[in-house]
Structures are given as structure tokens and as C-alpha cells.
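Engineer: start_25.cif (mmCIF, C-alpha atoms) pasted underneath:
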data_target
#
loop_
_atom_site.label_atom_id
_atom_site.label_comp_id
_atom_site.auth_asym_id
_atom_site.auth_seq_id
_atom_site.Cartn_x
_atom_site.Cartn_y
_atom_site.Cartn_z
CA MET A 587 -8.08 -31.17 13.85
CA LYS A 588 -5.68 -28.23 13.73
CA THR A 589 -1.96 -28.81 13.37
CA PRO A 590 -0.14 -27.94 16.63
CA LEU A 591 2.30 -25.03 16.44
CA VAL A 592 5.63 -26.66 17.23
CA PRO A 593 8.69 -24.56 16.29
CA ALA A 594 11.22 -26.40 14.15
CA GLU A 595 14.58 -24.77 13.51
CA ALA A 596 15.05 -26.73 10.25
CA ASP A 597 11.61 -25.83 8.86
CA LEU A 598 11.86 -22.95 6.38
CA ARG A 599 8.39 -21.68 7.30
CA TRP A 600 9.42 -21.35 10.95
CA VAL A 601 12.68 -19.70 9.91
CA LEU A 602 10.70 -17.14 7.93
CA VAL A 603 8.31 -16.58 10.86
CA ARG A 604 11.20 -15.98 13.26
CA ASN A 605 12.78 -13.46 10.87
CA VAL A 606 9.48 -11.67 10.31
CA LEU A 607 8.72 -11.44 14.02
CA GLY A 608 12.27 -10.24 14.63
CA ILE A 609 11.56 -7.21 12.43
CA PHE A 610 9.08 -5.98 15.04
CA GLU A 611 11.78 -5.97 17.71
CA GLN A 612 13.92 -3.56 15.74
CA ARG A 613 14.19 -0.11 17.29
CA GLU A 614 13.12 1.69 14.09
CA VAL A 615 10.01 -0.46 13.69
CA ARG A 616 9.03 -0.10 17.34
CA LYS A 617 9.33 3.69 16.97
CA ILE A 618 6.97 3.59 14.00
CA VAL A 619 4.38 1.56 15.93
CA SER A 620 4.68 3.83 18.97
CA LYS A 621 3.96 6.95 16.87
CA PHE A 622 0.38 5.90 16.35
CA GLY A 623 -0.54 6.26 20.02
CA ILE A 624 -1.80 2.72 20.69
CA LYS A 625 -0.42 1.90 24.13
CA PRO A 626 1.10 -0.01 25.77
CA LEU A 627 3.64 -0.52 22.97
CA ASP A 628 4.72 -4.01 24.05
CA MET A 629 1.13 -5.24 23.93
CA THR A 630 0.65 -3.73 20.45
CA ILE A 631 3.77 -5.52 19.21
CA THR A 632 2.49 -8.76 20.79
CA VAL A 633 -0.88 -8.41 19.06
CA LEU A 634 0.78 -7.78 15.69
CA LYS A 635 2.93 -10.88 16.19
CA ILE A 636 -0.09 -13.04 17.05
CA VAL A 637 -1.94 -11.99 13.89
CA ILE A 638 1.17 -12.62 11.80
CA ILE A 639 1.58 -16.12 13.24
CA SER A 640 -2.08 -16.91 12.50
CA MET A 641 -1.67 -15.77 8.89
CA CYS A 642 1.58 -17.62 8.33
CA PHE A 643 0.02 -20.91 9.44
CA GLY A 644 -3.49 -20.37 8.13
CA THR A 645 -5.16 -20.70 11.51
CA ASP A 646 -7.34 -18.49 13.69
CA ILE A 647 -6.17 -16.08 16.36
CA THR A 648 -7.83 -17.97 19.24
CA PHE A 649 -5.89 -21.12 18.35
CA VAL A 650 -2.58 -19.23 18.24
CA ILE A 651 -3.34 -17.76 21.68
CA SER A 652 -4.17 -21.17 23.15
CA GLU A 653 -0.94 -22.63 21.73
CA LEU A 654 1.12 -19.75 23.11
CA LYS A 655 -0.40 -20.13 26.56
CA ALA A 656 0.20 -23.88 26.56
CA LYS A 657 3.77 -24.01 25.19
CA ALA A 658 6.75 -22.26 26.74
CA SER A 659 8.90 -23.27 23.73
CA LEU A 660 6.54 -21.40 21.39
CA ARG A 661 6.61 -18.31 23.59
CA GLU A 662 10.40 -18.44 23.65
CA PHE A 663 10.65 -18.90 19.87
CA THR A 664 8.25 -16.07 19.02
CA GLY A 665 9.20 -13.68 21.81
CA VAL A 666 5.57 -13.49 22.93
CA TYR A 667 5.61 -13.90 26.71
CA ASN A 668 2.63 -11.89 27.94
CA VAL A 669 -0.18 -13.61 26.01
CA PRO A 670 -3.46 -11.62 25.83
CA ASP A 671 -6.96 -13.00 25.39
CA ALA A 672 -8.58 -12.97 21.95
CA LYS A 673 -10.91 -10.13 22.99
CA GLU A 674 -7.89 -7.98 23.86
CA VAL A 675 -6.34 -8.69 20.45
CA TYR A 676 -9.47 -7.63 18.56
CA ARG A 677 -10.04 -4.65 20.86
CA LEU A 678 -6.56 -3.30 20.25
CA LEU A 679 -6.78 -3.80 16.48
CA ASN A 680 -10.09 -1.94 16.42
CA ARG A 681 -8.49 1.06 18.10
CA PHE A 682 -6.49 1.70 14.94
CA THR A 683 -8.26 3.65 12.24
CA VAL A 684 -7.79 2.27 8.74
CA GLU A 685 -5.68 5.28 7.78
CA GLN A 686 -3.44 4.82 10.84
CA PHE A 687 -2.97 1.14 10.19
CA VAL A 688 -2.17 1.48 6.50
CA ASP A 689 0.22 4.36 7.19
CA MET A 690 1.97 2.32 9.88
CA VAL A 691 2.31 -0.70 7.60
CA LEU A 692 3.73 1.28 4.69
CA ARG A 693 6.24 2.97 7.01
CA VAL A 694 7.35 -0.43 8.23
CA VAL A 695 7.74 -1.52 4.59
CA ASN A 696 9.88 1.57 3.90
CA THR A 697 12.06 0.75 6.91
CA VAL A 698 12.50 -2.90 5.91
CA CYS A 699 12.91 -2.42 2.15
CA GLY A 700 14.72 0.92 2.11
CA LYS A 701 13.84 4.18 0.41
CA ARG A 702 12.48 4.40 -3.09
CA LYS A 703 14.78 5.10 -5.98
CA SER A 704 14.89 8.68 -7.13
CA GLY A 705 14.20 9.72 -10.69
CA LYS A 706 12.31 7.75 -13.28
CA ILE A 707 10.89 4.44 -12.11
CA MET A 708 8.52 1.76 -13.34
CA ILE A 709 5.48 0.89 -11.23
CA ILE A 710 3.52 -2.29 -11.82
CA GLY A 711 -0.11 -2.43 -10.76
CA ASP A 712 -2.56 -5.32 -10.69
CA THR A 713 -5.79 -6.43 -9.07
CA THR A 714 -7.06 -9.60 -7.43
CA ASN A 715 -10.31 -10.65 -5.82
CA LEU A 716 -10.69 -11.21 -2.09
CA THR A 717 -13.40 -13.71 -1.17
CA VAL A 718 -15.19 -13.30 2.15
CA ASN A 719 -15.95 -16.48 4.05
CA ILE A 720 -19.69 -16.68 3.47
CA ASN A 721 -21.48 -19.95 2.72
CA TRP A 722 -23.69 -18.78 -0.12
CA PHE A 723 -24.65 -22.36 -0.92
CA LYS A 724 -26.46 -22.62 2.41
CA LYS A 725 -28.22 -19.28 2.04
CA LYS A 726 -28.88 -17.60 -1.26
CA TYR A 727 -27.72 -13.97 -1.44
CA THR A 728 -29.06 -11.58 -4.04
CA LYS A 729 -27.53 -8.24 -5.04
CA ALA A 730 -30.30 -6.55 -3.07
CA ASP A 731 -29.31 -8.51 0.08
CA LEU A 732 -25.79 -7.07 -0.17
CA LYS A 733 -26.81 -3.52 -1.05
CA ASP A 734 -25.61 -2.04 2.26
CA LYS A 735 -22.60 -4.35 2.66
CA ASP A 736 -18.98 -3.72 1.72
CA TYR A 737 -18.80 -7.15 0.10
CA LYS A 738 -20.67 -7.65 -3.17
CA TRP A 739 -21.33 -10.20 -5.84
CA ALA A 740 -18.61 -10.14 -8.48
CA CYS A 741 -17.29 -12.31 -11.29
CA SER A 742 -13.84 -12.97 -12.72
CA LYS A 743 -12.64 -15.10 -15.63
CA SER A 744 -10.33 -17.18 -13.44
CA LYS A 745 -12.57 -17.64 -10.40
CA GLY A 746 -16.11 -17.31 -11.66
CA CYS A 747 -18.67 -15.67 -9.40
CA TYR A 748 -17.84 -14.90 -5.78
CA ILE A 749 -18.83 -12.61 -2.91
CA GLY A 750 -16.08 -10.29 -1.77
CA MET A 751 -13.96 -7.26 -2.55
CA LYS A 752 -11.11 -6.28 -4.85
CA LEU A 753 -7.49 -5.67 -3.82
CA VAL A 754 -5.41 -3.34 -5.98
CA PHE A 755 -1.66 -3.45 -5.56
CA ALA A 756 1.21 -1.26 -6.80
CA MET A 757 4.89 -2.09 -6.52
CA GLU A 758 8.17 -0.72 -7.77
CA TYR A 759 10.15 -2.63 -10.38
CA PRO A 760 12.69 -4.25 -10.19
CA SER A 761 12.95 -3.99 -6.38
CA LEU A 762 9.38 -5.39 -5.93
CA LYS A 763 8.90 -2.93 -3.10
CA GLN A 764 5.24 -2.57 -2.17
CA LEU A 765 4.23 1.07 -2.59
CA ALA A 766 0.46 1.13 -2.12
CA PHE A 767 -2.68 -0.96 -2.03
CA PHE A 768 -6.40 -0.26 -2.15
CA VAL A 769 -9.48 -2.29 -1.26
CA PHE A 770 -12.67 -1.74 -3.28
CA PRO A 771 -16.08 -3.12 -2.32
CA GLY A 772 -17.24 -5.89 -4.62
CA GLY A 773 -15.44 -6.40 -7.92
CA PRO A 774 -15.59 -3.17 -9.94
CA SER A 775 -14.26 -3.33 -13.47
CA ASP A 776 -10.57 -2.44 -13.64
CA SER A 777 -11.26 0.11 -16.36
CA LYS A 778 -13.72 1.94 -14.09
CA ILE A 779 -11.22 2.46 -11.27
CA PHE A 780 -8.23 3.55 -13.39
CA ASP A 781 -8.68 7.28 -12.72
CA GLU A 782 -9.22 6.75 -9.00
CA ILE A 783 -6.08 4.62 -8.68
CA VAL A 784 -3.84 6.97 -10.68
CA THR A 785 -5.17 10.06 -8.89
CA GLU A 786 -4.56 8.51 -5.47
CA LEU A 787 -1.08 7.28 -6.40
CA MET A 788 -0.15 10.77 -7.57
CA ARG A 789 -1.71 12.41 -4.51
CA ARG A 790 0.50 10.24 -2.32
CA LYS A 791 3.49 11.11 -4.57
CA ILE A 792 4.01 7.43 -5.28
CA LEU A 793 3.42 7.88 -9.00
CA ARG A 794 5.13 10.96 -10.42
CA LYS A 795 5.21 12.64 -13.80
CA GLY A 796 7.50 10.73 -16.14
CA ASN A 797 7.05 7.40 -14.32
CA SER A 798 5.79 4.34 -16.17
CA LEU A 799 2.71 2.48 -14.95
CA VAL A 800 2.32 -1.10 -16.17
CA LEU A 801 -1.21 -2.56 -16.07
CA ASP A 802 -2.85 -5.61 -17.63
CA LYS A 803 -5.60 -5.71 -20.24
CA GLY A 804 -8.35 -5.26 -17.66
CA PHE A 805 -7.52 -1.53 -17.65
CA TYR A 806 -7.54 -1.27 -21.45
CA ALA A 807 -9.26 1.81 -22.88
CA TYR A 808 -8.03 4.39 -25.39
CA ARG A 809 -8.96 7.23 -23.07
CA HIS A 810 -6.63 5.81 -20.38
CA TYR A 811 -3.67 6.02 -22.76
CA ILE A 812 -4.61 9.58 -23.77
CA GLU A 813 -5.37 10.85 -20.26
CA GLY A 814 -2.27 9.15 -18.86
CA LEU A 815 -0.03 10.97 -21.34
CA THR A 816 -1.70 14.38 -21.52
CA GLU A 817 -3.37 14.89 -18.12
CA TYR A 818 -1.23 12.86 -15.73
CA GLY A 819 2.09 13.12 -17.59
CA ILE A 820 2.92 9.44 -17.07
CA VAL A 821 3.69 6.57 -19.44
CA PRO A 822 0.53 4.38 -19.29
CA LEU A 823 1.72 0.93 -20.35
CA ILE A 824 -1.60 -0.90 -20.38
CA PHE A 825 -1.37 -4.19 -22.25
CA PRO A 826 -3.19 -3.60 -25.58
CA ARG A 827 -5.80 -5.84 -27.13
CA ILE A 828 -5.59 -7.41 -30.58
CA ASN A 829 -7.37 -4.57 -32.39
CA PHE A 830 -5.26 -1.80 -30.77
CA LYS A 831 -4.22 1.00 -33.14
CA LEU A 832 -1.43 3.32 -32.02
CA GLU A 833 -2.56 6.02 -34.45
CA LYS A 834 -5.87 6.28 -32.62
CA VAL A 835 -3.98 7.34 -29.49
CA LEU A 836 -1.51 9.66 -31.21
CA ASN A 837 -4.27 11.47 -33.12
CA HIS A 838 -5.81 12.56 -29.79
CA ILE A 839 -2.61 13.81 -28.15
CA GLN A 840 -3.11 17.53 -27.85
CA LEU A 841 -1.76 20.16 -25.49
CA LEU A 842 -4.40 22.00 -23.47
CA LEU A 843 -4.93 25.62 -24.52
CA GLU A 844 -4.52 26.73 -20.90
CA LEU A 845 -0.88 25.65 -21.12
CA PHE A 846 -0.07 28.56 -23.42
CA ASN A 847 -1.05 31.07 -20.74
CA ASN A 848 2.24 30.16 -19.02
CA LYS A 849 5.71 31.48 -19.69
CA LEU A 850 7.36 30.33 -22.92
CA SER A 851 10.02 28.39 -21.00
CA ARG A 852 7.32 26.44 -19.15
CA VAL A 853 5.51 25.67 -22.40
CA LYS A 854 8.75 24.37 -23.92
CA ASP A 855 9.36 22.19 -20.83
CA LYS A 856 5.86 20.71 -21.15
CA ILE A 857 6.38 19.97 -24.83
CA ARG A 858 9.75 18.33 -24.17
CA HIS A 859 8.22 16.23 -21.38
CA LEU A 860 5.39 15.11 -23.64
CA GLU A 861 7.83 14.21 -26.42
CA THR A 862 9.91 12.16 -23.98
CA ILE A 863 7.04 10.15 -22.53
CA LEU A 864 5.50 9.70 -25.99
CA ALA A 865 8.73 8.18 -27.30
CA GLU A 866 8.87 5.79 -24.34
CA PHE A 867 5.17 4.97 -24.69
CA LYS A 868 5.48 4.16 -28.42
CA TYR A 869 8.50 1.92 -27.84
CA TYR A 870 6.97 -0.15 -25.03
CA ILE A 871 3.42 -0.32 -26.38
CA LEU A 872 4.75 -1.72 -29.67
CA ASN A 873 6.91 -4.19 -27.73
CA TRP A 874 4.51 -4.81 -24.85
CA LYS A 875 5.23 -8.55 -24.68
CA GLN A 876 8.61 -7.81 -23.11
CA LEU A 877 6.69 -6.39 -20.14
CA LYS A 878 4.83 -9.65 -19.48
CA PRO A 879 7.60 -11.19 -17.31
CA LYS A 880 7.50 -8.07 -15.13
CA MET A 881 3.73 -8.32 -14.74
CA SER A 882 3.99 -12.01 -13.89
CA LEU A 883 6.09 -11.10 -10.83
CA ILE A 884 3.25 -9.17 -9.24
CA GLU A 885 0.97 -12.14 -9.93
CA ASP A 886 3.44 -14.31 -7.99
CA VAL A 887 3.39 -11.78 -5.13
CA PHE A 888 -0.42 -12.01 -5.10
CA LYS A 889 -0.18 -15.81 -4.89
CA VAL A 890 2.11 -15.48 -1.88
CA ILE A 891 -0.18 -12.98 -0.14
CA LYS A 892 -3.31 -15.03 -0.76
CA GLY A 893 -1.88 -18.53 -0.41
CA THR A 894 1.05 -18.44 1.99
CA PHE A 895 -0.38 -15.65 4.13
CA SER A 896 -4.02 -16.82 4.20
CA LEU A 897 -5.90 -14.15 2.26
CA ALA A 898 -7.58 -16.59 -0.14
CA LYS A 899 -10.77 -16.58 1.96
CA ILE A 900 -11.23 -13.86 4.57
CA HIS A 901 -13.42 -14.13 7.65
CA ARG A 902 -13.95 -10.37 7.80
CA PHE A 903 -16.87 -8.48 6.40
CA THR A 904 -16.19 -4.73 6.40
CA ARG A 905 -13.92 -2.74 4.14
CA ALA A 906 -12.02 -1.45 7.18
CA SER A 907 -11.31 -4.89 8.63
CA VAL A 908 -10.41 -6.36 5.22
CA THR A 909 -8.02 -3.45 4.59
CA LYS A 910 -6.30 -4.06 7.92
CA ILE A 911 -5.84 -7.79 7.29
CA ALA A 912 -4.65 -7.04 3.73
CA SER A 913 -2.09 -4.72 5.35
CA PHE A 914 -0.61 -7.72 7.15
CA GLY A 915 -0.36 -9.54 3.84
CA VAL A 916 1.49 -6.59 2.33
CA VAL A 917 4.01 -6.28 5.15
CA LEU A 918 4.57 -10.06 5.22
CA ALA A 919 5.23 -10.13 1.48
CA SER A 920 7.55 -7.11 1.76
CA ILE A 921 9.59 -8.66 4.56
CA SER A 922 9.76 -11.99 2.70
CA ILE A 923 11.09 -10.25 -0.43
CA SER A 924 13.64 -8.33 1.65
CA LEU A 925 14.79 -11.67 3.12
CA GLY A 926 15.64 -13.07 -0.32
CA PHE A 927 12.33 -14.21 -1.85
CA GLY A 928 12.48 -11.56 -4.57
CA ASP A 929 12.95 -13.60 -7.74
CA LYS A 930 10.29 -15.57 -9.61
CA GLU A 931 11.54 -19.00 -8.54
CA SER A 932 11.69 -18.06 -4.85
CA LEU A 933 8.24 -16.44 -4.95
CA GLN A 934 6.74 -19.54 -6.55
CA LYS A 935 8.30 -21.78 -3.92
CA LEU A 936 7.00 -19.51 -1.17
CA ALA A 937 3.52 -19.57 -2.71
CA GLU A 938 3.52 -23.39 -2.59
CA TRP A 939 4.20 -23.64 1.17
#
Since I need it in another form, could you write the structure as C-alpha cells?
Structural biologist:
Amino acid sequence: MKTPLVPAEADLRWVLVRNVLGIFEQREVRKIVSKFGIKPLDMTITVLKIVIISMCFGTDITFVISELKAKASLREFTGVYNVPDAKEVYRLLNRFTVEQFVDMVLRVVNTVCGKRKSGKIMIIGDTTNLTVNINWFKKKYTKADLKDKDYKWACSKSKGCYIGMKLVFAMEYPSLKQLAFFVFPGGPSDSKIFDEIVTELMRRKILRKGNSLVLDKGFYAYRHYIEGLTEYGIVPLIFPRINFKLEKVLNHIQLLLELFNNKLSRVKDKIRHLETILAEFKYYILNWKQLKPKMSLIEDVFKVIKGTFSLAKIHRFTRASVTKIASFGVVLASISISLGFGDKESLQKLAEW
């Protein structure tokens, strides 16, 4: 039996829900939603609120709709008065393209959390698995069965084997502002998607030359250190393994010959930049353990997204639909952090709700 949705002013979860839903009544946020051409605007806001409520309480959309229709107090508390049918909710969500939806969500995050800091920043990236809600005990699925699906068989040290996708997340430190996220079919090795992630972050101008990118040991590879420094011009702070040798990286740091076709002043600027990021790289890579508390924060954010906001097991089976629901998790985490859940203790408490 599902727990009835009864608003309680003293319940911290309901307080958080009210504050989150209130964000979507702000003029700036409504303007962002209206820019994407999904009309009528009020119905779009209502649909977004319904999905958020379902994620905050780990229940399905149809149940939220039935509760809203049955309880005037719930409609009053949430500000959802014109309650649509479930088909209307799904129809409206499907009208968004993935690109539209992700763009809208990240703009909302920027509005709620403020603009990024200028100059040199540290970005922390990490990955987690997303399990789709398939009963593979009842029916056996082989790799061939999932060949044309977005969800695949994958394995992780912490979870074992599962069927699903991989969520990659990047946030700014120390503000914990969510900057970008990506969904990959199945569970590709972190080391295999390093170039794709860095290239996309730089294309979006999220990761810039001189910035530091902190990643865990799953991304470990000597070529990632070398390419990060020489090709991307960033400080690739990938946690090293036991047999890591700094000299093996430094011996491969070379300026491309094409660089010397430029003006002398430009060559000197490139050399100075490389010297600067090399000095920072050497310091942090030799003292990488001091970065572990920073990395643990993004792990806590993942726990909040998956646990508190119901992304531990997803009842969606395409990359597009999973990306959209992951977008809700991102915006919910961002708003929660902006409301004061930005330190480790608060994040852990939120994850335990």
C-alpha cells in the first residue's frame, strides 16, 4: 500500500518540497520554461511539479495525480490546482527534445545557484550506474537481446552486474554547482569516455584552459594526464594508482611543432601556460589524498540524487527518457544545495530521508 501524500508543515521533506516547487513560480524560472515553446506555460509548470513530487516521495506519477485530485489541501500546498491526467503529463514531457530539456534544466540551475565564478576553477567529475527496472530474474537477458537497446549489461565493483546506463556528472568546487551531466548507454569503462567527456565540457565552455578536473581512479591512464596537459591545456587530477610514476608523464610532455608556426609572443604564452599547469599538476598529483574529501562530496550528491530523488531504479528504457528524468534529479539536487544542503553532513542527512 502506498503512503498517502499528506502535507505536514513540520516535516522537513515537505518543507523542502514546498521550497522546490516555489522555485518554479519565480518569474525568472517561468521565463526560462516559456522560452522552449511548450504551451500553455501553466500546464508545463504543473507537469514539472507533478514529476518532482513523484520523485521526492518515490512514487509514480499516476498516484500523485490521484492524490492531487482527491485532496484540496495537497493542491493548496503544492500550488497545483488544474490537475491533468497521466497521459497529458507524459504527452507534454515527450514534446520536449532531450536537448531542449537539458538546456532548460541547466538554465534553471544557473538561475537558482547563480553564475559561475570567473577565472580558474576546480571541476569535480564522477560516474554512477543507473539501473533500469527490469526483472532479469524472471526472464534471462543476454547481450545479444539488448543489442538494439539503450540499456546494456554492465558490472561495477560496488553493485555487481546490472542492466542500465551510466550517469556522468560534473560540478564546480566548492560551490557544488551542477555544471553538466551525460547519460551513456550501458556501463562503458570510465577510461574509454574520458576524451568524449572533456571534449564536450570544453565545447560547452564549462571546462576551460587552466581549469582543474578532478576524477577518480576509474579514469586512470597515463595518456589522459599527457593529453589533458598538452592537448586540452587543463590540469587533469585523476587519482593515481599505486604504481604511478610522475616521471613517465613528464617525459612525454612536449610542445607540438605546429605551435612554432605562430608568433613568438604566442609561443611564449603557450610555454608559460604549460609551465603553470604543470606546476599545479605536480603539486596536486603528489598530494592527491587531499583531494579525496572533495571527491567524496560528489559521491554524497549522487546518493541524494539516487536515493532521496528516486533514481536508484528507473522505470524508463530509452536514453532520451532516462536523460530527462536524470535532469529532474540534477535540478532537485541543485535547489537542495542552494537551500542549505551544501555541506557533507547536510547531504548525508538528505540522502538518508
Engineer: Return the single residue from A:Tyr808, A:Phe927, A:Phe888, A:Phe755 that is closest to Leu787 of chain A, with distances computed using all atoms listed in the file.
Structural biologist: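 Nearest to Leu787 of chain A: A:Phe755.
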Engineer: Enumerate, as a list in words, the residues matched when the PyMOL selection byres ((chain A and resi 920) around 8) is run on the file above.
Structural biologist: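 Applying the PyMOL selection byres ((chain A and resi 920) around 8) to the structure shown produces Val695, Val698, Cys699, Lys763, Gln764, Val916, Val917, Leu918, Ala919, Ile921, Ser922, Ile923 and Ser924 of chain A.
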Engineer: Choose the residue, out of A:Pro760, A:Glu813, A:Leu678, A:Thr785, that has the smallest atom-to-atom separation from Gln840 of chain A; count only C-alpha atoms.
Structural biologist: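 So, comparing all the options, the nearest one is A:Glu813.
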Engineer: Please identify all polymer residues lying at most 9 Å from the point (-21.2, -15.6, 0.3) (file coordinates), using all atoms listed in the file, and present the result as a ChimeraX atom specification.
Structural biologist: /A:717-723,725-727,737-739,748-750
Engineer: Name the residues captured by the PyMOL selection byres ((chain A and resi 867) around 9) when it is applied to the shown file; answer as a list in words.
Structural biologist: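 Applied to this file, the PyMOL selection byres ((chain A and resi 867) around 9) selects Ser798, Leu815, Val821, Pro822, Leu823, Thr862, Ile863, Leu864, Ala865, Glu866, Lys868, Tyr869, Tyr870, Ile871 and Leu872 of chain A.
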Engineer: Show me a table, sorted first by chain and then by increasing residue number, of the residues of segment 677-758 of chain A having an atom at most 12 Å from segment 625-631 of chain A, each with its shortest atom pair and the distance in Å to one decimal, counting only C-alpha atoms and written as a Markdown table.
Structural biologist:
| residue | atom | partner | partner_atom | distance |
| --- | --- | --- | --- | --- |
| A:Arg677 | CA | A:Thr630 | CA | 10.7 |
| A:Leu678 | CA | A:Thr630 | CA | 7.2 |
| A:Leu679 | CA | A:Thr630 | CA | 8.4 |
| A:Asn680 | CA | A:Thr630 | CA | 11.6 |
| A:Arg681 | CA | A:Lys625 | CA | 10.1 |
| A:Phe682 | CA | A:Thr630 | CA | 10.5 |
| A:Phe687 | CA | A:Thr630 | CA | 11.9 |
Engineer: In Å, rounded to a single decimal, give me how far atom CA of Val694 of chain A is from atom CA of Lys935 of chain A.
Structural biologist: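 Value for the atom CA of Lys935 of chain A-atom CA of Val694 of chain A distance: 24.6 Å.
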Engineer: For this structure, which residues satisfy the selection - the PyMOL selection byres ((chain A and resi 633) around 12) - when it is evaluated on the file as given? I want them as an MDAnalysis selection string.
Structural biologist: chainID A and resid 607 610 619 624:632 634:640 647:648 650:651 664:680 914
Engineer: To one decimal place, how far is atom CA of Ile792 of chain A from atom CA of Leu836 of chain A in Å?
Structural biologist: 26.6 Å
Engineer: Pick from A:Met788, A:Ile824, A:Leu692, A:Met881: nearest to Lys910 of chain A, with all atoms listed in the file counted?
Structural biologist: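 Closest to Lys910 of chain A of all the choices is A:Leu692.
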Engineer: What would segment 680-704 of chain A look like with N, CA and C atoms in place, written as an mmCIF file, keeping the file's coordinate frame?
Structural biologist:
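Resulting contents of result11.cif:
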data_model
loop_
_atom_site.group_PDB
_atom_site.id
_atom_site.type_symbol
_atom_site.label_atom_id
_atom_site.label_comp_id
_atom_site.auth_asym_id
_atom_site.auth_seq_id
_atom_site.Cartn_x
_atom_site.Cartn_y
_atom_site.Cartn_z
ATOM 1 N N ASN A 680 -8.996 -2.854 16.756
ATOM 2 C CA ASN A 680 -10.090 -1.940 16.420
ATOM 3 C C ASN A 680 -9.792 -0.503 16.813
ATOM 4 N N ARG A 681 -8.846 -0.302 17.691
ATOM 5 C CA ARG A 681 -8.490 1.060 18.100
ATOM 6 C C ARG A 681 -7.730 1.800 16.998
ATOM 7 N N PHE A 682 -7.127 1.070 16.098
ATOM 8 C CA PHE A 682 -6.490 1.700 14.940
ATOM 9 C C PHE A 682 -7.553 2.116 13.942
ATOM 10 N N THR A 683 -7.454 3.314 13.415
ATOM 11 C CA THR A 683 -8.260 3.650 12.240
ATOM 12 C C THR A 683 -7.602 2.992 11.028
ATOM 13 N N VAL A 684 -8.351 2.866 9.956
ATOM 14 C CA VAL A 684 -7.790 2.270 8.740
ATOM 15 C C VAL A 684 -6.599 3.088 8.254
ATOM 16 N N GLU A 685 -6.760 4.405 8.265
ATOM 17 C CA GLU A 685 -5.680 5.280 7.780
ATOM 18 C C GLU A 685 -4.410 5.108 8.630
ATOM 19 N N GLN A 686 -4.586 5.027 9.954
ATOM 20 C CA GLN A 686 -3.440 4.820 10.840
ATOM 21 C C GLN A 686 -2.742 3.504 10.525
ATOM 22 N N PHE A 687 -3.543 2.466 10.374
ATOM 23 C CA PHE A 687 -2.970 1.140 10.190
ATOM 24 C C PHE A 687 -2.211 1.035 8.876
ATOM 25 N N VAL A 688 -2.822 1.538 7.807
ATOM 26 C CA VAL A 688 -2.170 1.480 6.500
ATOM 27 C C VAL A 688 -0.898 2.319 6.509
ATOM 28 N N ASP A 689 -0.953 3.500 7.108
ATOM 29 C CA ASP A 689 0.220 4.360 7.190
ATOM 30 C C ASP A 689 1.340 3.671 7.963
ATOM 31 N N MET A 690 0.981 3.029 9.073
ATOM 32 C CA MET A 690 1.970 2.320 9.880
ATOM 33 C C MET A 690 2.623 1.198 9.082
ATOM 34 N N VAL A 691 1.800 0.433 8.377
ATOM 35 C CA VAL A 691 2.310 -0.700 7.600
ATOM 36 C C VAL A 691 3.263 -0.234 6.510
ATOM 37 N N LEU A 692 2.884 0.797 5.783
ATOM 38 C CA LEU A 692 3.730 1.280 4.690
ATOM 39 C C LEU A 692 5.035 1.884 5.214
ATOM 40 N N ARG A 693 4.989 2.473 6.408
ATOM 41 C CA ARG A 693 6.240 2.970 7.010
ATOM 42 C C ARG A 693 7.149 1.824 7.415
ATOM 43 N N VAL A 694 6.553 0.754 7.905
ATOM 44 C CA VAL A 694 7.350 -0.430 8.230
ATOM 45 C C VAL A 694 7.986 -0.992 6.968
ATOM 46 N N VAL A 695 7.217 -1.042 5.882
ATOM 47 C CA VAL A 695 7.740 -1.520 4.590
ATOM 48 C C VAL A 695 8.915 -0.662 4.152
ATOM 49 N N ASN A 696 8.781 0.662 4.291
ATOM 50 C CA ASN A 696 9.880 1.570 3.900
ATOM 51 C C ASN A 696 11.125 1.317 4.732
ATOM 52 N N THR A 697 10.924 1.018 6.032
ATOM 53 C CA THR A 697 12.060 0.750 6.910
ATOM 54 C C THR A 697 12.753 -0.556 6.524
ATOM 55 N N VAL A 698 11.947 -1.575 6.223
ATOM 56 C CA VAL A 698 12.500 -2.900 5.910
ATOM 57 C C VAL A 698 13.132 -2.925 4.525
ATOM 58 N N CYS A 699 12.476 -2.307 3.555
ATOM 59 C CA CYS A 699 12.910 -2.420 2.150
ATOM 60 C C CYS A 699 13.755 -1.250 1.670
ATOM 61 N N GLY A 700 13.906 -0.221 2.512
ATOM 62 C CA GLY A 700 14.720 0.920 2.110
ATOM 63 C C GLY A 700 13.915 1.943 1.332
ATOM 64 N N LYS A 701 14.518 3.090 1.096
ATOM 65 C CA LYS A 701 13.840 4.180 0.410
ATOM 66 C C LYS A 701 13.685 3.876 -1.072
ATOM 67 N N ARG A 702 12.703 4.548 -1.655
ATOM 68 C CA ARG A 702 12.480 4.400 -3.090
ATOM 69 C C ARG A 702 13.627 5.012 -3.875
ATOM 70 N N LYS A 703 13.788 4.516 -5.095
ATOM 71 C CA LYS A 703 14.780 5.100 -5.980
ATOM 72 C C LYS A 703 14.306 6.477 -6.430
ATOM 73 N N SER A 704 15.242 7.358 -6.633
ATOM 74 C CA SER A 704 14.890 8.680 -7.130
ATOM 75 C C SER A 704 14.874 8.652 -8.664
#
